[in-house]
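Everything below concerns the one structure shown next.
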Amino acid sequence: MSAVDRRAHELDTIAAVLPMERRDELAELLTDQDVATLRHLVNEGMGENTLRALTSDLAYLQAWSLAATSKSLPWPAPEALLLKFVAHHLWDPQRRQEDPQHGMPTEVEQNLRSQGFLKAAGPHAPDTVRRRLATWSTLTKWRGLSGAFTSTALKSAIRLAVRATPRPRKRKSAKAITGDVLAKMLATCSSNSLRDLRDRAILMVAFASGGRRRSEIAGLRKEQLTVEPPIAGEDSPPLPSLSIHLGRTKTSGSDHDEVVYLTGRPVEALNAWIAAARIEAGSVFRKVDRWGNVSKRTLDPKSVNDIVKQRAAMAELDPEEFSAHGLRSGYLTEAANRGIPLPEAMEQSRHRSVQQASSYYNSATRRSGRAARLL
């Protein structure tokens, strides 16, 4: 077995914990030590989202190093290479028009673009550059080494480069999927086909559970669901209720078991899908082929995003304006519109940052408040 085949096999063994695409390409790109590091992190129980981000960043750094220097990523990286990384990714578009050598060299850009590592034109977002440098620094420390990531020169280079690359901050979803928008999307799931039942359950569960992240919806398993006592109503029959044990999430601590609750229609939609798909254990949301067969394979997070966009298009909405994250921002925006106290909404959304969660409340209040209606 060749070294590449061996790395591909080792990556396959951790794929259940760390979902990855393009494993054959990663096997050629990453070194034995890189793969060993990933296996170690999986065994240590690091969260899937963090591992996925680390793997993606490591693959990009390796590809960039090979394209820019014709050498594999060095450990530890010299300060000059870190400065080169900043110069290649944060640059002034106007100066680029005057000086073609400014920013990332054309041959490096074409190399990365041909491998699928570069898609959008222009400089990178500063947050992306900072995150990849942080990943580089973290992986360096895990190897028992130290780098120049805190050097004054690097900090100055980043600060000056950010000033030269003005980029307006955009939300992950251009528009929030509030109650009225969600109703239009759900109207496209009106049949009893497996695909409609699944998509209806995904939209309702993701929204009603506090705006769950697409990775949490894609990774939801039957074992995480617990039937709770029905919720009694004054003038209506008791409503079905269940709890979702999220375990460790992006914002929870290692010893935290996050739990959110569903009541009423979302529970009915989820139960209808589970019964129709005959899901007794394992992944809740799965692929449905063109013939209506339910796969044993779970949906990946991208598929959840695709479903949101497809349903938006079917509802005659602009799919470019909506994404899976719109369910998360939409939940908080709808809660604000309905006068639900912020702490209560945060209990369901599991936001840790009051500042981040309150931004949706502030936007809703400002939009409908007196200050916006002086004329």
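Residues are named by chain letter and number: chains run A, B, ... in the order of the structure tokens, numbers start at 1 in each chain, and ligands are numbered from 1 in the order shown.
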**OP:** Fewer than 4 positions away in the same chain doesn't count, so skip those; otherwise give me all residues within 10 Å of Pro74 (chain A), counting only C-alpha atoms, as a ChimeraX atom specification.
**Re:** /A:62,65,78,81,140
Please produce a file of the residues just selected, as a tab-separated table (two decimals), in the first residue's frame, where the atoms kept are C-alpha atoms.
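Final output, part26.tsv:
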```tsv
chain	number	residue	atom	x	y	z
A	62	GLN	CA	-0.84	23.10	2.38
A	65	SER	CA	2.39	26.65	0.42
A	78	PRO	CA	9.17	31.40	9.55
A	81	LEU	CA	6.22	33.01	5.18
A	140	THR	CA	2.00	24.46	15.40
```
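Shell of Asp318 (chain A) at 10 Å, with only C-alpha atoms counted and residues fewer than 6 places along the chain excluded, is A:Lys309, A:Gln310, A:Ala312.
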Next, write the just-selected residues to a file, as a compact mmCIF listing (two decimals), in the first residue's frame, keeping C-alpha atoms as the atom set.
```txt
# COMPACT_ATOMS: atom_id res chain seq x y z
CA LYS A 309 -32.74 27.58 -1.31
CA GLN A 310 -34.84 25.12 -3.34
CA ALA A 312 -37.35 29.50 -1.45
```
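Proximity to Glu316 (chain A) at 10 Å, evaluated using only C-alpha atoms and with sequence-adjacent residues fewer than 5 positions away removed, yields Lys184, Met185, Thr188, Gln310 and Arg311 of chain A.
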With all heavy atoms retained, export the selected residues as a JSON list (two decimals), in the first residue's frame.
```
[["chain", "number", "residue", "atom", "x", "y", "z"],
["A", 184, "LYS", "N", -44.46, 30.49, 3.59],
["A", 184, "LYS", "CA", -44.44, 30.35, 2.12],
["A", 184, "LYS", "C", -43.62, 29.13, 1.72],
["A", 184, "LYS", "O", -43.99, 28.40, 0.80],
["A", 184, "LYS", "CB", -43.88, 31.61, 1.48],
["A", 184, "LYS", "CG", -44.76, 32.84, 1.65],
["A", 184, "LYS", "CD", -44.11, 34.07, 1.03],
["A", 184, "LYS", "CE", -44.98, 35.31, 1.22],
["A", 184, "LYS", "NZ", -44.36, 36.53, 0.65],
["A", 185, "MET", "N", -42.50, 28.91, 2.41],
["A", 185, "MET", "CA", -41.68, 27.74, 2.10],
["A", 185, "MET", "C", -42.40, 26.45, 2.46],
["A", 185, "MET", "O", -42.36, 25.46, 1.71],
["A", 185, "MET", "CB", -40.35, 27.83, 2.85],
["A", 185, "MET", "CG", -39.43, 28.94, 2.38],
["A", 185, "MET", "SD", -37.85, 28.89, 3.26],
["A", 185, "MET", "CE", -36.97, 30.24, 2.46],
["A", 188, "THR", "N", -44.88, 24.90, 0.04],
["A", 188, "THR", "CA", -44.36, 24.11, -1.08],
["A", 188, "THR", "C", -44.17, 22.64, -0.70],
["A", 188, "THR", "O", -43.82, 21.82, -1.56],
["A", 188, "THR", "CB", -43.02, 24.68, -1.59],
["A", 188, "THR", "OG1", -41.99, 24.45, -0.61],
["A", 188, "THR", "CG2", -43.13, 26.18, -1.85],
["A", 310, "GLN", "N", -33.87, 25.72, -2.42],
["A", 310, "GLN", "CA", -34.84, 25.12, -3.34],
["A", 310, "GLN", "C", -36.26, 25.48, -2.95],
["A", 310, "GLN", "O", -37.09, 25.83, -3.81],
["A", 310, "GLN", "CB", -34.66, 23.60, -3.34],
["A", 310, "GLN", "CG", -33.39, 23.12, -4.03],
["A", 310, "GLN", "CD", -33.09, 21.66, -3.73],
["A", 310, "GLN", "OE1", -33.87, 20.96, -3.08],
["A", 310, "GLN", "NE2", -31.94, 21.19, -4.20],
["A", 311, "ARG", "N", -36.55, 25.42, -1.66],
["A", 311, "ARG", "CA", -37.90, 25.75, -1.20],
["A", 311, "ARG", "C", -38.18, 27.24, -1.36],
["A", 311, "ARG", "O", -39.32, 27.63, -1.63],
["A", 311, "ARG", "CB", -38.09, 25.31, 0.25],
["A", 311, "ARG", "CG", -38.07, 23.78, 0.42],
["A", 311, "ARG", "CD", -39.22, 23.13, -0.33],
["A", 311, "ARG", "NE", -39.13, 21.66, -0.33],
["A", 311, "ARG", "CZ", -40.05, 20.86, -0.84],
["A", 311, "ARG", "NH1", -41.14, 21.37, -1.41],
["A", 311, "ARG", "NH2", -39.89, 19.55, -0.83]]
```
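If you measure from each of A:Ala232, A:Ala335, A:Pro76, A:Ser209 to Trp142 (chain A) using only C-alpha atoms, the closest one turns out to be A:Pro76.
Closest approach to Leu133 (chain A) from the set A:Lys287, A:Lys155, A:Arg212, A:Arg297 is made by A:Lys155, with distances taken over only C-alpha atoms.
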Subject >> Contact residues around region 118-132 of chain A with only C-alpha atoms at 7 Å, ignoring same-chain residues under 2 positions, as a list in words >> reply: Asp57, His89, Leu90, Trp91, Pro93, Leu112, Arg113, Gly116, Ala134, Thr135, Trp136 and Val162 of chain A
**OP:** Please identify all polymer residues within 10 Å of Ile279 (chain A), counting only C-alpha atoms, omitting same-chain residues fewer than 5 positions from it, and present them as a PyMOL selection string.
**Re:** chain A and resi 221-222+271+273-274+284-286+294+296
Original post:
Among region 51-169 of chain A, which ones does DSSP place in helix (DSSP H, G or I), written as a PyMOL selection string?
Top reply: chain A and resi 51-69+79-89+93-98+106-114+126-142+152-164
Original post:
DSSP says strand (DSSP E) for which residues of region 56-298 of chain A? Put them as a PyMOL selection string?
Top reply: chain A and resi 225-231+239-247+258-263+286-288+294-298
**OP:** Rounded to one decimal place, report the CA of Ala345 (chain A)-CA of Leu242 (chain A) distance in Å.
**Re:** 17.6 Å
Original post:
Using only C-alpha atoms, which residues sit within 8 Å of Glu334 (chain A) once same-chain residues fewer than 4 positions away are excluded, as a count of residues only?
Top reply: 4
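If you measure from each of A:Leu225, A:Ile307, A:Ala176, A:Ile231 to Ser329 (chain A) using only C-alpha atoms, the closest one turns out to be A:Ala176.
The residue that comes closest to Pro266 (chain A), out of A:Leu203, A:Ala59, A:Phe322, A:Ile217 and on the basis of only C-alpha atoms, is A:Leu203.
The space separating CA of Ala161 (chain A) from CA of Arg52 (chain A) comes to 27.4 Å.
Residue nearest Gly211 (chain A), chosen from A:His325, A:Arg195, A:Arg159, A:Lys84 and counting only C-alpha atoms: A:His325.
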